[in-house]
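Report on the following structure.
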Amino acid sequence: MIIAIDGPAGSGKSTVAKFIAKRLNYRYIDTGSMYRAVAWSAEKKDIDLSDENAVGQWVTQLKIEFVADPAGQQVKVNGENATGLLKNEVVGRGAAKVAAQKRVREILVAKQQEIGESGNVVMDGRDIGTQVFPNAELKFFMDADAEERGKRRYLELKEKNLDVDLENIIAEIKQRDHEDRTRAISPLCPAEDAIKIDTTKFAIEEVIDKVMEQINLKKEIQN
Ligand code: DC
């Protein structure tokens, strides 16, 4: 089975996707980290992220690997373990830039389709149900109010002892949403046949229960 989980930042999709993949013993693929890997590695090479030709050329020779590890999945970029270096705001901003570029999307979508070919995968992102696997057996689209998503991100960063401002974070989330939802290529939007879950008022455990319910239902129908 291919399970697609899409939604904006802070909707809870990665936490749910990771948990479910573990429970089902499926592979988990965080496609956002692939866009982040492109931005991070291109910047390291001093490639201007707004130069679509240069970024497009760079991405054709980029090797992104997901490696299983007891400490959690690791992301290798051209052989270098970049896991801890991808999840910051600067790389996030770069990722949003390259994610709007046609060549980057073509190549990453093809890579994602190749990874998912063998099935039994939970993939999260923005366009998995619409572009990467339009025929996925199960599609979820998670969303939550920007304020709530901002609060979640704020608490996450606070836990890491970072000096953060809630209003700033909410404003950034709204800005990123706007970019992801209005870009010309593959904008963030739910697939017609996606199961929509508003996670604003639910604890993550409740969301996981809802998703597992749907998966079990699907499995019953398939048997
Ligand atoms: O989920 P994330 O914050 O790691 O995603 C980083 C950026 O990549 C974000 O701007 C959305 C974009 N993205 C995308 O366009 N398509 C995907 N399948 C995954 C992420």
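Just so we're on the same page: first chain in the structure tokens is A, next is B, and so on; residues restart at 1 for each chain, and ligands are numbered from 1 in the order they show up.
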Taking only C-alpha atoms and all ligand atoms into account, list the residues no farther than 7 Å from ligand 1, as a list in words. Ala9, Thr31, Gly32, Ser33, Tyr35, Arg36, Gly92, Arg93, Ala95, Ala96, Ala99, Ala100, Asp124, Gly125, Arg126, Asp127, Ile128, Arg176 and Asp180 of chain A
Shell around Gly12 of chain A at 9 Å using only C-alpha atoms, local window under 5 positions removed, as a PDB file with N, CA and C atoms, in the first residue's frame:
```
ATOM      1  N   GLY A   7       0.056  18.194   3.564  1.00  0.00           N
ATOM      2  CA  GLY A   7      -0.447  19.269   4.420  1.00  0.00           C
ATOM      3  C   GLY A   7       0.625  20.316   4.626  1.00  0.00           C
ATOM      4  N   ALA A  17       2.975  10.526  10.091  1.00  0.00           N
ATOM      5  CA  ALA A  17       3.529   9.658   9.046  1.00  0.00           C
ATOM      6  C   ALA A  17       4.606   8.736   9.628  1.00  0.00           C
ATOM      7  N   MET A 142      -3.775  16.902   5.974  1.00  0.00           N
ATOM      8  CA  MET A 142      -3.899  17.457   7.325  1.00  0.00           C
ATOM      9  C   MET A 142      -3.718  18.953   7.303  1.00  0.00           C
ATOM     10  N   ASP A 143      -4.493  19.605   8.140  1.00  0.00           N
ATOM     11  CA  ASP A 143      -4.377  21.056   8.214  1.00  0.00           C
ATOM     12  C   ASP A 143      -4.705  21.493   9.641  1.00  0.00           C
ATOM     13  N   ALA A 144      -4.333  22.712   9.983  1.00  0.00           N
ATOM     14  CA  ALA A 144      -4.690  23.282  11.282  1.00  0.00           C
ATOM     15  C   ALA A 144      -4.577  24.797  11.137  1.00  0.00           C
ATOM     16  N   ARG A 149      -0.600  26.058  14.494  1.00  0.00           N
ATOM     17  CA  ARG A 149       0.632  25.501  13.928  1.00  0.00           C
ATOM     18  C   ARG A 149       1.842  26.311  14.410  1.00  0.00           C
ATOM     19  N   THR A 199      -6.441  19.199  12.344  1.00  0.00           N
ATOM     20  CA  THR A 199      -5.803  18.763  13.591  1.00  0.00           C
ATOM     21  C   THR A 199      -5.761  19.852  14.670  1.00  0.00           C
ATOM     22  N   ILE A 204      -2.055  14.753  19.126  1.00  0.00           N
ATOM     23  CA  ILE A 204      -1.460  13.938  18.063  1.00  0.00           C
ATOM     24  C   ILE A 204      -1.939  12.474  18.141  1.00  0.00           C
ATOM     25  N   VAL A 207      -5.187  12.078  16.406  1.00  0.00           N
ATOM     26  CA  VAL A 207      -5.043  12.118  14.948  1.00  0.00           C
ATOM     27  C   VAL A 207      -4.546  10.751  14.451  1.00  0.00           C
TER      28      VAL A 207
END
```
Here is a test: counting only C-alpha atoms, which residue of A:Glu117, A:Asp30, A:Glu156, A:Glu220 is nearest to Val75 of chain A?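 Checking each of A:Glu117, A:Asp30, A:Glu156, A:Glu220 against Val75 of chain A, counting only C-alpha atoms, the winner is A:Asp30.
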Distance query segment 103-108 of chain A at most 10 Å, only C-alpha atoms, self and fewer than 6 positions along chain excluded, as number ranges by chain: A: 31, 34-35, 38, 52-53, 55-60, 62, 64, 114, 132, 185-186
Save out the residues we just selected, all heavy atoms, as a short mmCIF file (atom, residue, chain, number, x, y, z; two decimals), in the first residue's frame.
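And here's part29.cif as it stands now:
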```cif
data_model
loop_
_atom_site.label_atom_id
_atom_site.label_comp_id
_atom_site.auth_asym_id
_atom_site.auth_seq_id
_atom_site.Cartn_x
_atom_site.Cartn_y
_atom_site.Cartn_z
N THR A 31 9.44 13.93 2.06
CA THR A 31 9.87 14.55 0.80
C THR A 31 10.33 16.00 1.00
O THR A 31 11.10 16.51 0.21
CB THR A 31 8.77 14.50 -0.27
OG1 THR A 31 7.64 15.22 0.20
CG2 THR A 31 8.39 13.07 -0.60
N MET A 34 13.92 16.37 0.99
CA MET A 34 14.59 16.32 -0.32
C MET A 34 14.71 17.73 -0.91
O MET A 34 15.74 18.10 -1.47
CB MET A 34 13.82 15.39 -1.27
CG MET A 34 13.79 13.95 -0.76
SD MET A 34 12.72 12.85 -1.71
CE MET A 34 13.75 12.41 -3.08
N TYR A 35 13.65 18.54 -0.76
CA TYR A 35 13.73 19.94 -1.22
C TYR A 35 14.74 20.70 -0.37
O TYR A 35 15.49 21.54 -0.86
CB TYR A 35 12.34 20.60 -1.19
CG TYR A 35 11.43 20.01 -2.25
CD1 TYR A 35 10.62 18.91 -1.96
CD2 TYR A 35 11.44 20.49 -3.55
CE1 TYR A 35 9.83 18.32 -2.94
CE2 TYR A 35 10.66 19.91 -4.54
CZ TYR A 35 9.85 18.82 -4.22
OH TYR A 35 9.09 18.24 -5.20
N VAL A 38 18.27 19.85 -1.52
CA VAL A 38 18.66 20.59 -2.73
C VAL A 38 19.14 21.99 -2.33
O VAL A 38 20.23 22.43 -2.73
CB VAL A 38 17.49 20.69 -3.74
CG1 VAL A 38 17.84 21.62 -4.90
CG2 VAL A 38 17.10 19.30 -4.25
N GLU A 52 17.55 29.40 -11.78
CA GLU A 52 16.87 28.12 -12.04
C GLU A 52 17.71 27.15 -12.86
O GLU A 52 17.66 25.95 -12.63
CB GLU A 52 15.54 28.36 -12.76
CG GLU A 52 14.51 28.95 -11.84
CD GLU A 52 13.09 28.61 -12.27
OE1 GLU A 52 12.86 27.52 -12.81
OE2 GLU A 52 12.22 29.45 -12.06
N ASN A 53 18.49 27.67 -13.82
CA ASN A 53 19.32 26.79 -14.65
C ASN A 53 20.40 26.11 -13.82
O ASN A 53 20.61 24.90 -13.91
CB ASN A 53 20.01 27.59 -15.77
CG ASN A 53 19.05 27.80 -16.91
OD1 ASN A 53 18.12 27.00 -17.10
ND2 ASN A 53 19.24 28.87 -17.65
N VAL A 55 20.49 25.71 -10.53
CA VAL A 55 19.91 24.78 -9.54
C VAL A 55 19.45 23.51 -10.26
O VAL A 55 19.66 22.40 -9.79
CB VAL A 55 18.74 25.44 -8.75
CG1 VAL A 55 18.13 24.45 -7.77
CG2 VAL A 55 19.21 26.69 -8.01
N GLY A 56 18.85 23.69 -11.42
CA GLY A 56 18.36 22.56 -12.21
C GLY A 56 19.49 21.61 -12.57
O GLY A 56 19.33 20.39 -12.53
N GLN A 57 20.64 22.17 -12.91
CA GLN A 57 21.79 21.32 -13.26
C GLN A 57 22.33 20.61 -12.03
O GLN A 57 22.67 19.44 -12.07
CB GLN A 57 22.90 22.20 -13.84
CG GLN A 57 22.87 22.15 -15.35
CD GLN A 57 24.00 22.94 -15.95
OE1 GLN A 57 24.85 23.50 -15.25
NE2 GLN A 57 24.01 23.01 -17.26
N TRP A 58 22.35 21.35 -10.95
CA TRP A 58 22.87 20.78 -9.69
C TRP A 58 22.03 19.58 -9.26
O TRP A 58 22.55 18.53 -8.88
CB TRP A 58 22.90 21.88 -8.62
CG TRP A 58 23.28 21.37 -7.25
CD1 TRP A 58 22.50 21.33 -6.14
CD2 TRP A 58 24.55 20.80 -6.87
NE1 TRP A 58 23.19 20.79 -5.09
CE2 TRP A 58 24.45 20.45 -5.52
CE3 TRP A 58 25.73 20.55 -7.56
CZ2 TRP A 58 25.50 19.88 -4.81
CZ3 TRP A 58 26.79 19.95 -6.86
CH2 TRP A 58 26.67 19.63 -5.49
N VAL A 59 20.71 19.73 -9.37
CA VAL A 59 19.83 18.69 -8.85
C VAL A 59 19.94 17.39 -9.67
O VAL A 59 19.75 16.29 -9.12
CB VAL A 59 18.36 19.21 -8.74
CG1 VAL A 59 17.66 19.30 -10.05
CG2 VAL A 59 17.55 18.34 -7.80
N THR A 60 20.33 17.48 -10.94
CA THR A 60 20.44 16.25 -11.75
C THR A 60 21.57 15.35 -11.25
O THR A 60 21.53 14.15 -11.42
CB THR A 60 20.72 16.55 -13.25
OG1 THR A 60 21.86 17.41 -13.30
CG2 THR A 60 19.55 17.20 -13.95
N LEU A 62 22.59 15.23 -8.05
CA LEU A 62 22.53 15.12 -6.59
C LEU A 62 22.01 13.73 -6.19
O LEU A 62 21.02 13.25 -6.75
CB LEU A 62 21.57 16.20 -6.07
CG LEU A 62 21.68 16.55 -4.61
CD1 LEU A 62 23.04 17.14 -4.29
CD2 LEU A 62 20.60 17.57 -4.23
N ILE A 64 20.39 11.70 -3.19
CA ILE A 64 19.76 11.81 -1.87
C ILE A 64 19.35 10.41 -1.43
O ILE A 64 18.64 9.71 -2.15
CB ILE A 64 18.52 12.73 -1.91
CG1 ILE A 64 18.90 14.10 -2.47
CG2 ILE A 64 17.89 12.87 -0.53
CD1 ILE A 64 17.71 15.00 -2.76
N GLU A 114 10.20 6.54 -7.87
CA GLU A 114 11.08 5.37 -7.91
C GLU A 114 11.14 4.70 -6.53
O GLU A 114 11.03 3.50 -6.41
CB GLU A 114 12.46 5.88 -8.31
CG GLU A 114 13.38 4.85 -8.89
CD GLU A 114 14.74 5.50 -9.15
OE1 GLU A 114 14.79 6.47 -9.94
OE2 GLU A 114 15.72 5.04 -8.54
N VAL A 132 2.65 13.00 -7.09
CA VAL A 132 3.62 11.91 -6.99
C VAL A 132 2.92 10.56 -7.12
O VAL A 132 3.28 9.72 -7.95
CB VAL A 132 4.45 12.00 -5.68
CG1 VAL A 132 5.52 10.93 -5.63
CG2 VAL A 132 5.08 13.38 -5.54
N ILE A 185 3.55 25.91 -9.97
CA ILE A 185 3.69 24.45 -10.18
C ILE A 185 3.34 23.70 -8.90
O ILE A 185 3.89 23.99 -7.83
CB ILE A 185 5.14 24.10 -10.57
CG1 ILE A 185 5.66 25.11 -11.61
CG2 ILE A 185 5.23 22.69 -11.10
CD1 ILE A 185 7.16 25.08 -11.74
N SER A 186 2.48 22.72 -9.02
CA SER A 186 2.08 21.86 -7.90
C SER A 186 1.83 22.63 -6.60
O SER A 186 2.48 22.36 -5.59
CB SER A 186 3.15 20.80 -7.62
OG SER A 186 3.41 20.05 -8.75
#
```
Given the choices A:Phe140, A:Phe66, A:Tyr154, A:Tyr26, which gets closest to Ile197 of chain A if the distance is worked out from only C-alpha atoms? A:Phe140
Nearest-residue call for Ser11 of chain A, choices A:Ile170, A:Lys210, A:Asn161, A:Phe141, using only C-alpha atoms: A:Phe141
Strand (DSSP E) per DSSP on the backbone: members of chain A, as a PyMOL selection string: chain A and resi 2-6+27-30+64-67+74-77+80-81+121-125+138-143+195-198
So, with only C-alpha atoms as the atoms that count, which of A:Ala54, A:Ile173, A:Ala184, A:Trp40 lies closest to Asn78 of chain A?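 Residue with the minimum atom-to-atom distance to Asn78 of chain A: A:Trp40.
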Best match for closeness to Leu157 of chain A among A:Ser41, A:Gln112, A:Asn88, A:Thr83, counting only C-alpha atoms: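 When distances to Leu157 of chain A are compared using only C-alpha atoms, the smallest one comes from A:Asn88.
The smallest atom-to-atom distance between Ala203 of chain A and any of A:Glu167, A:Ala82, A:Gln74, A:Thr15, using only C-alpha atoms, is found for A:Thr15.
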Just list as a ChimeraX atom specification whatever in segment 2-138 of chain A DSSP marks as helix (DSSP H, G or I). /A:13-24,31-44,52-60,83-85,89-98,102-116,128-132
Mind checking which residues fall within 12 Å of Ile169 of chain A, counting only C-alpha atoms, ignoring those fewer than 2 positions away in the same chain, and posting them as number ranges by chain? A: 9-10, 89, 146-158, 163-167, 171-176
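Our summary of the geometry notes that atom CA of Ala194 of chain A is positioned 19.0 Å from atom CA of Val109 of chain A.
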Arg27 of chain A: which residues within 7 Å, counting only C-alpha atoms, same-chain residues fewer than 4 positions away excluded, as a list in words?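 Close residues of Arg27 of chain A: Ala21, Asn120, Val121 and Val122 of chain A.
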Can you tell me how far atom CA of Ala4 of chain A sits from atom CA of Ala136 of chain A, in Å to one decimal?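 Computed distance, atom CA of Ala4 of chain A to atom CA of Ala136 of chain A, equals 6.6 Å.
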Excluding Leu138 of chain A and its own-chain neighbours fewer than 3 positions away, which residues fall within 9 Å of it when counting only C-alpha atoms? Please give them as a ChimeraX atom specification. /A:1-5,129,135,193-195,214-215,218
To one decimal place, how far is atom CA of Leu217 of chain A from atom CA of Leu188 of chain A in Å?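 Between atom CA of Leu217 of chain A and atom CA of Leu188 of chain A the gap works out to 26.8 Å.
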